[in-house]
$ cat work-v8.cif   # mmCIF, N, CA and C atoms
data_protein
#
loop_
_atom_site.label_atom_id
_atom_site.label_comp_id
_atom_site.auth_asym_id
_atom_site.auth_seq_id
_atom_site.Cartn_x
_atom_site.Cartn_y
_atom_site.Cartn_z
N MET A 1 11.88 3.11 24.53
CA MET A 1 12.38 3.98 23.49
C MET A 1 11.37 5.09 23.21
N SER A 2 11.87 6.19 22.73
CA SER A 2 10.97 7.29 22.42
C SER A 2 10.25 7.01 21.10
N ALA A 3 9.10 7.63 20.99
CA ALA A 3 8.30 7.44 19.77
C ALA A 3 9.02 8.01 18.56
N ARG A 4 9.77 9.06 18.76
CA ARG A 4 10.51 9.67 17.65
C ARG A 4 11.58 8.71 17.13
N ARG A 5 12.32 8.09 18.03
CA ARG A 5 13.36 7.14 17.61
C ARG A 5 12.74 5.93 16.91
N THR A 6 11.64 5.44 17.46
CA THR A 6 10.96 4.29 16.84
C THR A 6 10.49 4.64 15.44
N ALA A 7 9.94 5.82 15.27
CA ALA A 7 9.48 6.24 13.94
C ALA A 7 10.65 6.41 12.99
N ARG A 8 11.77 6.94 13.49
CA ARG A 8 12.94 7.12 12.64
C ARG A 8 13.51 5.77 12.20
N VAL A 9 13.57 4.81 13.12
CA VAL A 9 14.07 3.47 12.78
C VAL A 9 13.12 2.80 11.78
N ALA A 10 11.82 2.97 11.98
CA ALA A 10 10.84 2.39 11.04
C ALA A 10 11.03 2.98 9.65
N SER A 11 11.28 4.26 9.58
CA SER A 11 11.50 4.91 8.28
C SER A 11 12.78 4.36 7.63
N MET A 12 13.82 4.18 8.42
CA MET A 12 15.07 3.63 7.88
C MET A 12 14.88 2.19 7.39
N VAL A 13 14.15 1.40 8.16
CA VAL A 13 13.88 0.02 7.76
C VAL A 13 13.15 -0.01 6.43
N ARG A 14 12.12 0.82 6.30
CA ARG A 14 11.36 0.87 5.05
C ARG A 14 12.26 1.27 3.88
N GLU A 15 13.09 2.27 4.10
CA GLU A 15 13.97 2.76 3.04
C GLU A 15 14.99 1.71 2.61
N VAL A 16 15.64 1.07 3.58
CA VAL A 16 16.68 0.08 3.27
C VAL A 16 16.07 -1.14 2.58
N VAL A 17 14.94 -1.62 3.11
CA VAL A 17 14.32 -2.81 2.52
C VAL A 17 13.82 -2.52 1.11
N SER A 18 13.20 -1.37 0.90
CA SER A 18 12.68 -1.08 -0.44
C SER A 18 13.81 -0.91 -1.45
N SER A 19 14.91 -0.24 -1.07
CA SER A 19 16.00 -0.09 -2.02
C SER A 19 16.71 -1.42 -2.28
N ALA A 20 16.83 -2.27 -1.26
CA ALA A 20 17.45 -3.58 -1.46
C ALA A 20 16.60 -4.46 -2.36
N ILE A 21 15.29 -4.43 -2.17
CA ILE A 21 14.40 -5.22 -3.03
C ILE A 21 14.49 -4.74 -4.47
N LEU A 22 14.55 -3.44 -4.64
CA LEU A 22 14.57 -2.87 -5.99
C LEU A 22 15.89 -3.13 -6.72
N SER A 23 17.00 -2.96 -6.03
CA SER A 23 18.27 -2.99 -6.76
C SER A 23 19.19 -4.17 -6.46
N GLU A 24 18.99 -4.87 -5.34
CA GLU A 24 19.97 -5.88 -4.97
C GLU A 24 19.47 -7.32 -5.07
N LEU A 25 18.21 -7.56 -4.83
CA LEU A 25 17.69 -8.93 -4.87
C LEU A 25 17.50 -9.38 -6.31
N ARG A 26 17.94 -10.59 -6.58
CA ARG A 26 17.83 -11.15 -7.93
C ARG A 26 16.89 -12.35 -7.98
N ASP A 27 16.12 -12.55 -6.95
CA ASP A 27 15.19 -13.68 -6.90
C ASP A 27 14.05 -13.44 -7.89
N PRO A 28 13.82 -14.35 -8.84
CA PRO A 28 12.76 -14.14 -9.83
C PRO A 28 11.35 -14.17 -9.22
N ARG A 29 11.22 -14.69 -8.00
CA ARG A 29 9.90 -14.71 -7.36
C ARG A 29 9.49 -13.34 -6.86
N ILE A 30 10.46 -12.49 -6.63
CA ILE A 30 10.18 -11.17 -6.05
C ILE A 30 10.06 -10.16 -7.18
N ARG A 31 8.82 -9.88 -7.57
CA ARG A 31 8.53 -8.93 -8.64
C ARG A 31 7.31 -8.11 -8.26
N ASN A 32 7.23 -6.91 -8.80
CA ASN A 32 6.08 -6.03 -8.62
C ASN A 32 5.74 -5.81 -7.15
N VAL A 33 6.76 -5.57 -6.35
CA VAL A 33 6.60 -5.37 -4.91
C VAL A 33 6.73 -3.89 -4.59
N THR A 34 5.84 -3.41 -3.75
CA THR A 34 5.93 -2.05 -3.23
C THR A 34 5.99 -2.15 -1.71
N VAL A 35 6.99 -1.52 -1.13
CA VAL A 35 7.08 -1.47 0.33
C VAL A 35 6.27 -0.26 0.78
N LEU A 36 5.18 -0.52 1.48
CA LEU A 36 4.27 0.55 1.89
C LEU A 36 4.70 1.21 3.19
N GLY A 37 5.32 0.47 4.06
CA GLY A 37 5.73 1.05 5.33
C GLY A 37 6.32 0.00 6.24
N ALA A 38 6.77 0.45 7.40
CA ALA A 38 7.32 -0.46 8.40
C ALA A 38 6.90 0.02 9.78
N GLU A 39 6.67 -0.92 10.65
CA GLU A 39 6.34 -0.61 12.04
C GLU A 39 7.34 -1.36 12.90
N VAL A 40 7.96 -0.64 13.83
CA VAL A 40 8.98 -1.23 14.67
C VAL A 40 8.46 -1.28 16.10
N SER A 41 8.74 -2.39 16.79
CA SER A 41 8.32 -2.51 18.19
C SER A 41 9.11 -1.52 19.05
N PRO A 42 8.59 -1.15 20.21
CA PRO A 42 9.27 -0.16 21.06
C PRO A 42 10.68 -0.58 21.48
N ASP A 43 10.95 -1.88 21.60
CA ASP A 43 12.30 -2.31 21.97
C ASP A 43 13.22 -2.52 20.76
N LEU A 44 12.74 -2.20 19.57
CA LEU A 44 13.48 -2.25 18.30
C LEU A 44 13.95 -3.65 17.94
N ARG A 45 13.29 -4.68 18.44
CA ARG A 45 13.69 -6.05 18.12
C ARG A 45 12.85 -6.68 17.01
N LEU A 46 11.73 -6.07 16.66
CA LEU A 46 10.84 -6.62 15.65
C LEU A 46 10.38 -5.50 14.72
N ALA A 47 10.43 -5.79 13.44
CA ALA A 47 9.95 -4.82 12.44
C ALA A 47 8.99 -5.54 11.50
N ARG A 48 7.78 -5.01 11.40
CA ARG A 48 6.81 -5.54 10.44
C ARG A 48 6.86 -4.64 9.21
N VAL A 49 7.17 -5.24 8.09
CA VAL A 49 7.28 -4.51 6.83
C VAL A 49 6.04 -4.82 6.02
N ARG A 50 5.23 -3.77 5.76
CA ARG A 50 4.01 -3.94 4.98
C ARG A 50 4.34 -3.81 3.50
N ILE A 51 3.93 -4.81 2.73
CA ILE A 51 4.20 -4.80 1.29
C ILE A 51 2.91 -4.99 0.51
N SER A 52 2.95 -4.54 -0.72
CA SER A 52 1.85 -4.74 -1.65
C SER A 52 2.43 -5.40 -2.89
N VAL A 53 1.72 -6.38 -3.41
CA VAL A 53 2.17 -7.10 -4.60
C VAL A 53 1.11 -6.96 -5.67
N MET A 54 1.52 -6.49 -6.84
CA MET A 54 0.60 -6.40 -7.96
C MET A 54 0.50 -7.78 -8.61
N GLY A 55 -0.71 -8.24 -8.77
CA GLY A 55 -0.92 -9.56 -9.37
C GLY A 55 -1.93 -10.35 -8.57
N ASP A 56 -2.07 -11.60 -8.94
CA ASP A 56 -3.05 -12.45 -8.27
C ASP A 56 -2.48 -13.02 -6.97
N GLU A 57 -3.27 -13.85 -6.31
CA GLU A 57 -2.87 -14.41 -5.02
C GLU A 57 -1.68 -15.37 -5.15
N LYS A 58 -1.59 -16.06 -6.26
CA LYS A 58 -0.47 -16.97 -6.47
C LYS A 58 0.83 -16.18 -6.57
N THR A 59 0.81 -15.08 -7.29
CA THR A 59 1.99 -14.22 -7.40
C THR A 59 2.37 -13.66 -6.03
N ALA A 60 1.37 -13.25 -5.26
CA ALA A 60 1.63 -12.71 -3.92
C ALA A 60 2.25 -13.78 -3.02
N ALA A 61 1.76 -15.01 -3.10
CA ALA A 61 2.30 -16.09 -2.28
C ALA A 61 3.75 -16.40 -2.66
N LEU A 62 4.03 -16.42 -3.97
CA LEU A 62 5.41 -16.64 -4.42
C LEU A 62 6.33 -15.52 -3.95
N THR A 63 5.85 -14.30 -4.04
CA THR A 63 6.65 -13.16 -3.61
C THR A 63 6.93 -13.22 -2.12
N MET A 64 5.91 -13.56 -1.33
CA MET A 64 6.10 -13.67 0.12
C MET A 64 7.12 -14.76 0.44
N HIS A 65 7.07 -15.87 -0.29
CA HIS A 65 8.03 -16.96 -0.07
C HIS A 65 9.44 -16.48 -0.41
N GLY A 66 9.57 -15.75 -1.51
CA GLY A 66 10.88 -15.21 -1.90
C GLY A 66 11.41 -14.22 -0.89
N LEU A 67 10.54 -13.35 -0.37
CA LEU A 67 10.97 -12.37 0.63
C LEU A 67 11.38 -13.05 1.93
N ASN A 68 10.65 -14.08 2.32
CA ASN A 68 11.04 -14.81 3.53
C ASN A 68 12.36 -15.54 3.33
N SER A 69 12.66 -15.97 2.12
CA SER A 69 13.95 -16.60 1.83
C SER A 69 15.09 -15.57 1.89
N ALA A 70 14.81 -14.34 1.52
CA ALA A 70 15.82 -13.28 1.51
C ALA A 70 15.83 -12.49 2.81
N LYS A 71 15.07 -12.93 3.79
CA LYS A 71 14.95 -12.19 5.06
C LYS A 71 16.31 -11.97 5.73
N GLY A 72 17.15 -12.98 5.77
CA GLY A 72 18.46 -12.86 6.42
C GLY A 72 19.32 -11.79 5.76
N TYR A 73 19.35 -11.79 4.44
CA TYR A 73 20.12 -10.78 3.73
C TYR A 73 19.58 -9.39 4.00
N LEU A 74 18.26 -9.25 3.94
CA LEU A 74 17.65 -7.94 4.18
C LEU A 74 17.89 -7.46 5.61
N GLN A 75 17.85 -8.39 6.56
CA GLN A 75 18.13 -8.02 7.95
C GLN A 75 19.57 -7.55 8.10
N SER A 76 20.50 -8.19 7.41
CA SER A 76 21.90 -7.76 7.50
C SER A 76 22.08 -6.36 6.90
N ARG A 77 21.37 -6.08 5.81
CA ARG A 77 21.42 -4.74 5.21
C ARG A 77 20.85 -3.70 6.18
N VAL A 78 19.75 -4.03 6.86
CA VAL A 78 19.16 -3.12 7.84
C VAL A 78 20.13 -2.92 9.00
N GLY A 79 20.78 -4.00 9.45
CA GLY A 79 21.73 -3.90 10.55
C GLY A 79 22.92 -3.02 10.22
N GLU A 80 23.40 -3.07 8.98
CA GLU A 80 24.50 -2.21 8.56
C GLU A 80 24.10 -0.73 8.59
N TYR A 81 22.87 -0.47 8.23
CA TYR A 81 22.42 0.90 8.10
C TYR A 81 22.02 1.51 9.45
N ILE A 82 21.38 0.73 10.30
CA ILE A 82 20.86 1.27 11.56
C ILE A 82 21.95 1.40 12.62
N ARG A 83 22.81 0.42 12.75
CA ARG A 83 23.89 0.43 13.73
C ARG A 83 23.36 0.64 15.15
N SER A 84 22.53 -0.26 15.60
CA SER A 84 22.06 -0.23 16.98
C SER A 84 22.45 -1.55 17.65
N ARG A 85 22.15 -1.67 18.90
CA ARG A 85 22.52 -2.88 19.63
C ARG A 85 21.83 -4.11 19.03
N TYR A 86 20.56 -3.95 18.67
CA TYR A 86 19.80 -5.05 18.11
C TYR A 86 19.38 -4.72 16.69
N THR A 87 19.47 -5.72 15.83
CA THR A 87 18.92 -5.59 14.48
C THR A 87 17.50 -6.12 14.53
N PRO A 88 16.54 -5.33 14.08
CA PRO A 88 15.15 -5.81 14.14
C PRO A 88 14.94 -7.05 13.27
N GLU A 89 14.18 -7.99 13.81
CA GLU A 89 13.80 -9.16 13.03
C GLU A 89 12.69 -8.73 12.07
N LEU A 90 12.89 -8.99 10.79
CA LEU A 90 11.93 -8.56 9.78
C LEU A 90 10.82 -9.59 9.64
N ARG A 91 9.61 -9.09 9.60
CA ARG A 91 8.44 -9.91 9.29
C ARG A 91 7.67 -9.19 8.19
N PHE A 92 7.41 -9.90 7.12
CA PHE A 92 6.72 -9.30 5.99
C PHE A 92 5.22 -9.57 6.10
N VAL A 93 4.45 -8.51 5.92
CA VAL A 93 3.00 -8.59 6.02
C VAL A 93 2.42 -8.09 4.70
N LEU A 94 1.58 -8.90 4.10
CA LEU A 94 0.94 -8.53 2.85
C LEU A 94 -0.21 -7.57 3.14
N ASP A 95 -0.16 -6.38 2.55
CA ASP A 95 -1.17 -5.36 2.79
C ASP A 95 -2.11 -5.33 1.58
N ASP A 96 -3.38 -5.61 1.83
CA ASP A 96 -4.37 -5.66 0.75
C ASP A 96 -5.04 -4.31 0.50
N GLY A 97 -4.59 -3.27 1.14
CA GLY A 97 -5.23 -1.96 1.04
C GLY A 97 -5.30 -1.44 -0.38
N VAL A 98 -4.21 -1.58 -1.14
CA VAL A 98 -4.18 -1.08 -2.51
C VAL A 98 -5.17 -1.86 -3.37
N ARG A 99 -5.16 -3.18 -3.23
CA ARG A 99 -6.08 -4.01 -4.03
C ARG A 99 -7.53 -3.69 -3.69
N LYS A 100 -7.81 -3.51 -2.40
CA LYS A 100 -9.18 -3.20 -1.99
C LYS A 100 -9.62 -1.83 -2.49
N SER A 101 -8.72 -0.86 -2.52
CA SER A 101 -9.10 0.45 -3.02
C SER A 101 -9.37 0.42 -4.52
N VAL A 102 -8.63 -0.39 -5.26
CA VAL A 102 -8.89 -0.54 -6.70
C VAL A 102 -10.24 -1.21 -6.92
N GLU A 103 -10.55 -2.22 -6.12
CA GLU A 103 -11.84 -2.88 -6.23
C GLU A 103 -12.99 -1.93 -5.87
N ALA A 104 -12.80 -1.11 -4.84
CA ALA A 104 -13.83 -0.16 -4.45
C ALA A 104 -14.05 0.88 -5.54
N ALA A 105 -12.98 1.34 -6.16
CA ALA A 105 -13.11 2.31 -7.25
C ALA A 105 -13.86 1.70 -8.43
N ALA A 106 -13.61 0.43 -8.72
CA ALA A 106 -14.31 -0.25 -9.82
C ALA A 106 -15.80 -0.38 -9.51
N ILE A 107 -16.13 -0.68 -8.25
CA ILE A 107 -17.55 -0.79 -7.86
C ILE A 107 -18.23 0.57 -7.98
N ILE A 108 -17.57 1.62 -7.54
CA ILE A 108 -18.15 2.97 -7.63
C ILE A 108 -18.34 3.37 -9.09
N ARG A 109 -17.33 3.09 -9.92
CA ARG A 109 -17.43 3.43 -11.35
C ARG A 109 -18.60 2.69 -11.99
N GLU A 110 -18.75 1.41 -11.65
CA GLU A 110 -19.85 0.61 -12.20
C GLU A 110 -21.20 1.16 -11.76
N ALA A 111 -21.30 1.55 -10.49
CA ALA A 111 -22.56 2.11 -9.98
C ALA A 111 -22.90 3.42 -10.67
N LEU A 112 -21.89 4.27 -10.91
CA LEU A 112 -22.13 5.52 -11.61
C LEU A 112 -22.57 5.29 -13.05
N GLU A 113 -21.96 4.30 -13.70
CA GLU A 113 -22.36 3.98 -15.07
C GLU A 113 -23.79 3.47 -15.12
N GLN A 114 -24.17 2.64 -14.17
CA GLN A 114 -25.55 2.14 -14.12
C GLN A 114 -26.53 3.27 -13.86
N ASP A 115 -26.16 4.19 -12.96
CA ASP A 115 -27.02 5.32 -12.66
C ASP A 115 -27.15 6.24 -13.87
N ALA A 116 -26.06 6.45 -14.58
CA ALA A 116 -26.09 7.29 -15.77
C ALA A 116 -26.95 6.64 -16.85
N ALA A 117 -26.84 5.32 -17.00
CA ALA A 117 -27.63 4.62 -18.00
C ALA A 117 -29.11 4.68 -17.64
N ARG A 118 -29.41 4.60 -16.36
CA ARG A 118 -30.80 4.65 -15.91
C ARG A 118 -31.43 6.02 -16.20
N HIS A 119 -30.62 7.07 -16.18
CA HIS A 119 -31.14 8.42 -16.39
C HIS A 119 -30.89 8.93 -17.80
N GLY A 120 -30.40 8.08 -18.68
CA GLY A 120 -30.27 8.42 -20.08
C GLY A 120 -29.12 9.35 -20.41
N VAL A 121 -28.05 9.32 -19.69
CA VAL A 121 -26.89 10.16 -19.97
C VAL A 121 -25.94 9.36 -20.85
N GLU A 122 -25.42 10.01 -21.91
CA GLU A 122 -24.47 9.35 -22.80
C GLU A 122 -23.18 9.06 -22.07
N SER A 123 -22.41 8.08 -22.55
CA SER A 123 -21.18 7.67 -21.86
C SER A 123 -20.10 8.75 -21.93
N GLY A 124 -20.10 9.61 -22.93
CA GLY A 124 -19.10 10.66 -23.05
C GLY A 124 -19.41 11.89 -22.23
N GLU A 125 -20.66 12.07 -21.82
CA GLU A 125 -21.05 13.25 -21.07
C GLU A 125 -20.71 13.10 -19.60
N ASP A 126 -20.57 14.25 -18.94
CA ASP A 126 -20.37 14.23 -17.50
C ASP A 126 -21.70 13.96 -16.83
N PHE A 127 -21.65 13.15 -15.79
CA PHE A 127 -22.86 12.79 -15.07
C PHE A 127 -22.72 13.26 -13.64
N ASP A 128 -23.67 14.08 -13.18
CA ASP A 128 -23.68 14.57 -11.81
C ASP A 128 -24.91 14.00 -11.12
N ALA A 129 -24.69 12.98 -10.30
CA ALA A 129 -25.81 12.32 -9.62
C ALA A 129 -26.52 13.28 -8.68
N GLY A 130 -25.81 14.24 -8.10
CA GLY A 130 -26.43 15.20 -7.19
C GLY A 130 -27.39 16.14 -7.90
N ALA A 131 -27.17 16.40 -9.20
CA ALA A 131 -28.04 17.31 -9.93
C ALA A 131 -29.41 16.70 -10.15
N LEU A 132 -29.51 15.38 -10.16
CA LEU A 132 -30.78 14.74 -10.41
C LEU A 132 -31.74 14.86 -9.23
N ASP A 133 -31.22 14.94 -8.03
CA ASP A 133 -32.12 15.01 -6.89
C ASP A 133 -32.21 16.43 -6.33
N GLY A 134 -31.77 17.42 -7.09
CA GLY A 134 -31.95 18.81 -6.67
C GLY A 134 -30.84 19.36 -5.81
N GLU A 135 -29.76 18.64 -5.64
CA GLU A 135 -28.67 19.13 -4.80
C GLU A 135 -28.05 20.41 -5.37
N SER A 136 -27.86 20.46 -6.70
CA SER A 136 -27.25 21.64 -7.28
C SER A 136 -28.15 22.85 -7.17
N ARG A 137 -29.49 22.65 -7.26
CA ARG A 137 -30.41 23.78 -7.11
C ARG A 137 -30.35 24.33 -5.71
N MET A 138 -30.21 23.45 -4.71
CA MET A 138 -30.11 23.92 -3.33
C MET A 138 -28.80 24.67 -3.11
N MET A 139 -27.73 24.23 -3.76
CA MET A 139 -26.43 24.91 -3.62
C MET A 139 -26.50 26.30 -4.23
N GLU A 140 -27.18 26.44 -5.38
CA GLU A 140 -27.32 27.75 -6.01
C GLU A 140 -28.15 28.69 -5.14
N ALA A 141 -29.20 28.18 -4.54
CA ALA A 141 -30.05 29.01 -3.69
C ALA A 141 -29.29 29.46 -2.44
N ALA A 142 -28.42 28.64 -1.94
CA ALA A 142 -27.64 28.99 -0.75
C ALA A 142 -26.60 30.05 -1.07
N ASP A 143 -26.10 30.06 -2.31
CA ASP A 143 -25.08 31.04 -2.71
C ASP A 143 -25.66 32.44 -2.88
N GLU A 144 -26.97 32.53 -3.20
CA GLU A 144 -27.60 33.84 -3.46
C GLU A 144 -27.86 34.62 -2.25
#
$ encode --input "work-v8.cif" --output "structure tokens"
Amino acid sequence: MSARRTARVASMVREVVSSAILSELRDPRIRNVTVLGAEVSPDLRLARVRISVMGDEKTAALTMHGLNSAKGYLQSRVGEYIRSRYTPELRFVLDDGVRKSVEAAAIIREALEQDAARHGVESGEDFDAGALDGESRMMEAADE
């Protein structure tokens, strides 16, 4: 299959699955789910749907169990929409990228607060770590 067709089918799978999860599934285990994307194999027989779940690991495990229970229904919805010879088999993959980026942002924020406290900057003031080591002075000299 061409890469363009594979990408188009992946986009359709993501769209159909996300709208079905949002408006059609009534399983109480499936909550706070974001469909991040889908990857389809070149022969269009397998689709990996990347999802993100807000909450702890127990919530994520329950959500994954609920999605695997609803897999047949979701596959039928995808099959109705795509209309190809084969309906891709859906496999749900938990994507930790969002959670990891939130954790990284918290670590950076904490490091900046510690650096600001070490240099005596109030919490309401803007803190520029580059200004302390002369970076801003070098930037001004380069502009002149």
$ residues_around --input "work-v8.cif" --residues "Leu94 (chain A)" --least-positions-apart "5" --cutoff "6 Å" --atoms "all atoms listed in the file" --output "list in words"
Arg50, Ile51 and Ser52 of chain A
$ closest_residue --input "work-v8.cif" --among "A:Ala117, A:Tyr86, A:Arg99, A:Val93" --to "Arg45 (chain A)" --atoms "all atoms listed in the file"
A:Tyr86
$ residues_around --input "work-v8.cif" --residues "Thr63 (chain A)" --least-positions-apart "6" --cutoff "7 Å" --atoms "all atoms listed in the file" --output "VMD selection string"
chain A and resid 29 to 31
$ closest_residue --input "work-v8.cif" --among "A:Arg48, A:Lys71, A:Arg4, A:His65" --to "Arg91 (chain A)" --atoms "all atoms listed in the file"
A:Arg48
$ resolve_selection --input "work-v8.cif" --expression "the PyMOL selection byres (((chain A and resi 12 and name CA) around 12) and name CA)" --output "VMD selection string"
chain A and resid 5 to 11 13 to 19 37 to 40 47 49 77 to 83 87 to 88
$ write_last_selection --input "work-v8.cif" --atoms "N, CA and C atoms" --output "PDB file, in the coordinates of the input"
ATOM      1  N   ARG A   5      12.320   8.090  18.030  1.00  0.00           N
ATOM      2  CA  ARG A   5      13.360   7.140  17.610  1.00  0.00           C
ATOM      3  C   ARG A   5      12.740   5.930  16.910  1.00  0.00           C
ATOM      4  N   THR A   6      11.640   5.440  17.460  1.00  0.00           N
ATOM      5  CA  THR A   6      10.960   4.290  16.840  1.00  0.00           C
ATOM      6  C   THR A   6      10.490   4.640  15.440  1.00  0.00           C
ATOM      7  N   ALA A   7       9.940   5.820  15.270  1.00  0.00           N
ATOM      8  CA  ALA A   7       9.480   6.240  13.940  1.00  0.00           C
ATOM      9  C   ALA A   7      10.650   6.410  12.990  1.00  0.00           C
ATOM     10  N   ARG A   8      11.770   6.940  13.490  1.00  0.00           N
ATOM     11  CA  ARG A   8      12.940   7.120  12.640  1.00  0.00           C
ATOM     12  C   ARG A   8      13.510   5.770  12.200  1.00  0.00           C
ATOM     13  N   VAL A   9      13.570   4.810  13.120  1.00  0.00           N
ATOM     14  CA  VAL A   9      14.070   3.470  12.780  1.00  0.00           C
ATOM     15  C   VAL A   9      13.120   2.800  11.780  1.00  0.00           C
ATOM     16  N   ALA A  10      11.820   2.970  11.980  1.00  0.00           N
ATOM     17  CA  ALA A  10      10.840   2.390  11.040  1.00  0.00           C
ATOM     18  C   ALA A  10      11.030   2.980   9.650  1.00  0.00           C
ATOM     19  N   SER A  11      11.280   4.260   9.580  1.00  0.00           N
ATOM     20  CA  SER A  11      11.500   4.910   8.280  1.00  0.00           C
ATOM     21  C   SER A  11      12.780   4.360   7.630  1.00  0.00           C
ATOM     22  N   VAL A  13      14.150   1.400   8.160  1.00  0.00           N
ATOM     23  CA  VAL A  13      13.880   0.020   7.760  1.00  0.00           C
ATOM     24  C   VAL A  13      13.150  -0.010   6.430  1.00  0.00           C
ATOM     25  N   ARG A  14      12.120   0.820   6.300  1.00  0.00           N
ATOM     26  CA  ARG A  14      11.360   0.870   5.050  1.00  0.00           C
ATOM     27  C   ARG A  14      12.260   1.270   3.880  1.00  0.00           C
ATOM     28  N   GLU A  15      13.090   2.270   4.100  1.00  0.00           N
ATOM     29  CA  GLU A  15      13.970   2.760   3.040  1.00  0.00           C
ATOM     30  C   GLU A  15      14.990   1.710   2.610  1.00  0.00           C
ATOM     31  N   VAL A  16      15.640   1.070   3.580  1.00  0.00           N
ATOM     32  CA  VAL A  16      16.680   0.080   3.270  1.00  0.00           C
ATOM     33  C   VAL A  16      16.070  -1.140   2.580  1.00  0.00           C
ATOM     34  N   VAL A  17      14.940  -1.620   3.110  1.00  0.00           N
ATOM     35  CA  VAL A  17      14.320  -2.810   2.520  1.00  0.00           C
ATOM     36  C   VAL A  17      13.820  -2.520   1.110  1.00  0.00           C
ATOM     37  N   SER A  18      13.200  -1.370   0.900  1.00  0.00           N
ATOM     38  CA  SER A  18      12.680  -1.080  -0.440  1.00  0.00           C
ATOM     39  C   SER A  18      13.810  -0.910  -1.450  1.00  0.00           C
ATOM     40  N   SER A  19      14.910  -0.240  -1.070  1.00  0.00           N
ATOM     41  CA  SER A  19      16.000  -0.090  -2.020  1.00  0.00           C
ATOM     42  C   SER A  19      16.710  -1.420  -2.280  1.00  0.00           C
ATOM     43  N   GLY A  37       5.320   0.470   4.060  1.00  0.00           N
ATOM     44  CA  GLY A  37       5.730   1.050   5.330  1.00  0.00           C
ATOM     45  C   GLY A  37       6.320   0.000   6.240  1.00  0.00           C
ATOM     46  N   ALA A  38       6.770   0.450   7.400  1.00  0.00           N
ATOM     47  CA  ALA A  38       7.320  -0.460   8.400  1.00  0.00           C
ATOM     48  C   ALA A  38       6.900   0.020   9.780  1.00  0.00           C
ATOM     49  N   GLU A  39       6.670  -0.920  10.650  1.00  0.00           N
ATOM     50  CA  GLU A  39       6.340  -0.610  12.040  1.00  0.00           C
ATOM     51  C   GLU A  39       7.340  -1.360  12.900  1.00  0.00           C
ATOM     52  N   VAL A  40       7.960  -0.640  13.830  1.00  0.00           N
ATOM     53  CA  VAL A  40       8.980  -1.230  14.670  1.00  0.00           C
ATOM     54  C   VAL A  40       8.460  -1.280  16.100  1.00  0.00           C
ATOM     55  N   ALA A  47      10.430  -5.790  13.440  1.00  0.00           N
ATOM     56  CA  ALA A  47       9.950  -4.820  12.440  1.00  0.00           C
ATOM     57  C   ALA A  47       8.990  -5.540  11.500  1.00  0.00           C
ATOM     58  N   VAL A  49       7.170  -5.240   8.090  1.00  0.00           N
ATOM     59  CA  VAL A  49       7.280  -4.510   6.830  1.00  0.00           C
ATOM     60  C   VAL A  49       6.040  -4.820   6.020  1.00  0.00           C
ATOM     61  N   ARG A  77      21.370  -6.080   5.810  1.00  0.00           N
ATOM     62  CA  ARG A  77      21.420  -4.740   5.210  1.00  0.00           C
ATOM     63  C   ARG A  77      20.850  -3.700   6.180  1.00  0.00           C
ATOM     64  N   VAL A  78      19.750  -4.030   6.860  1.00  0.00           N
ATOM     65  CA  VAL A  78      19.160  -3.120   7.840  1.00  0.00           C
ATOM     66  C   VAL A  78      20.130  -2.920   9.000  1.00  0.00           C
ATOM     67  N   GLY A  79      20.780  -4.000   9.450  1.00  0.00           N
ATOM     68  CA  GLY A  79      21.730  -3.900  10.550  1.00  0.00           C
ATOM     69  C   GLY A  79      22.920  -3.020  10.220  1.00  0.00           C
ATOM     70  N   GLU A  80      23.400  -3.070   8.980  1.00  0.00           N
ATOM     71  CA  GLU A  80      24.500  -2.210   8.560  1.00  0.00           C
ATOM     72  C   GLU A  80      24.100  -0.730   8.590  1.00  0.00           C
ATOM     73  N   TYR A  81      22.870  -0.470   8.230  1.00  0.00           N
ATOM     74  CA  TYR A  81      22.420   0.900   8.100  1.00  0.00           C
ATOM     75  C   TYR A  81      22.020   1.510   9.450  1.00  0.00           C
ATOM     76  N   ILE A  82      21.380   0.730  10.300  1.00  0.00           N
ATOM     77  CA  ILE A  82      20.860   1.270  11.560  1.00  0.00           C
ATOM     78  C   ILE A  82      21.950   1.400  12.620  1.00  0.00           C
ATOM     79  N   ARG A  83      22.810   0.420  12.750  1.00  0.00           N
ATOM     80  CA  ARG A  83      23.890   0.430  13.730  1.00  0.00           C
ATOM     81  C   ARG A  83      23.360   0.640  15.150  1.00  0.00           C
ATOM     82  N   THR A  87      19.470  -5.720  15.830  1.00  0.00           N
ATOM     83  CA  THR A  87      18.920  -5.590  14.480  1.00  0.00           C
ATOM     84  C   THR A  87      17.500  -6.120  14.530  1.00  0.00           C
ATOM     85  N   PRO A  88      16.540  -5.330  14.080  1.00  0.00           N
ATOM     86  CA  PRO A  88      15.150  -5.810  14.140  1.00  0.00           C
ATOM     87  C   PRO A  88      14.940  -7.050  13.270  1.00  0.00           C
TER      88      PRO A  88
END
$ atom_distance --input "work-v8.cif" --atom1 "CA of Gly120 (chain A)" --atom2 "CA of Ile108 (chain A)"
18.2 Å
$ decode --input "work-v8.cif" --residues "region 90-103 of chain A" --atoms "C-alpha atoms" --output "PDB file, in the first residue's frame"
ATOM      1  CA  LEU A  90      -7.457  -2.594  16.819  1.00  0.00           C
ATOM      2  CA  ARG A  91      -4.790  -2.757  19.484  1.00  0.00           C
ATOM      3  CA  PHE A  92      -4.768  -0.118  22.179  1.00  0.00           C
ATOM      4  CA  VAL A  93      -1.422   1.152  23.403  1.00  0.00           C
ATOM      5  CA  LEU A  94      -1.110   3.343  26.475  1.00  0.00           C
ATOM      6  CA  ASP A  95       1.062   6.363  25.644  1.00  0.00           C
ATOM      7  CA  ASP A  96       2.870   7.846  28.642  1.00  0.00           C
ATOM      8  CA  GLY A  97       4.172  10.862  26.724  1.00  0.00           C
ATOM      9  CA  VAL A  98       1.678  13.327  28.204  1.00  0.00           C
ATOM     10  CA  ARG A  99       2.295  12.135  31.763  1.00  0.00           C
ATOM     11  CA  LYS A 100       6.059  12.270  31.270  1.00  0.00           C
ATOM     12  CA  SER A 101       5.917  15.797  29.865  1.00  0.00           C
ATOM     13  CA  VAL A 102       3.883  16.971  32.880  1.00  0.00           C
ATOM     14  CA  GLU A 103       6.429  15.371  35.207  1.00  0.00           C
TER      15      GLU A 103
END
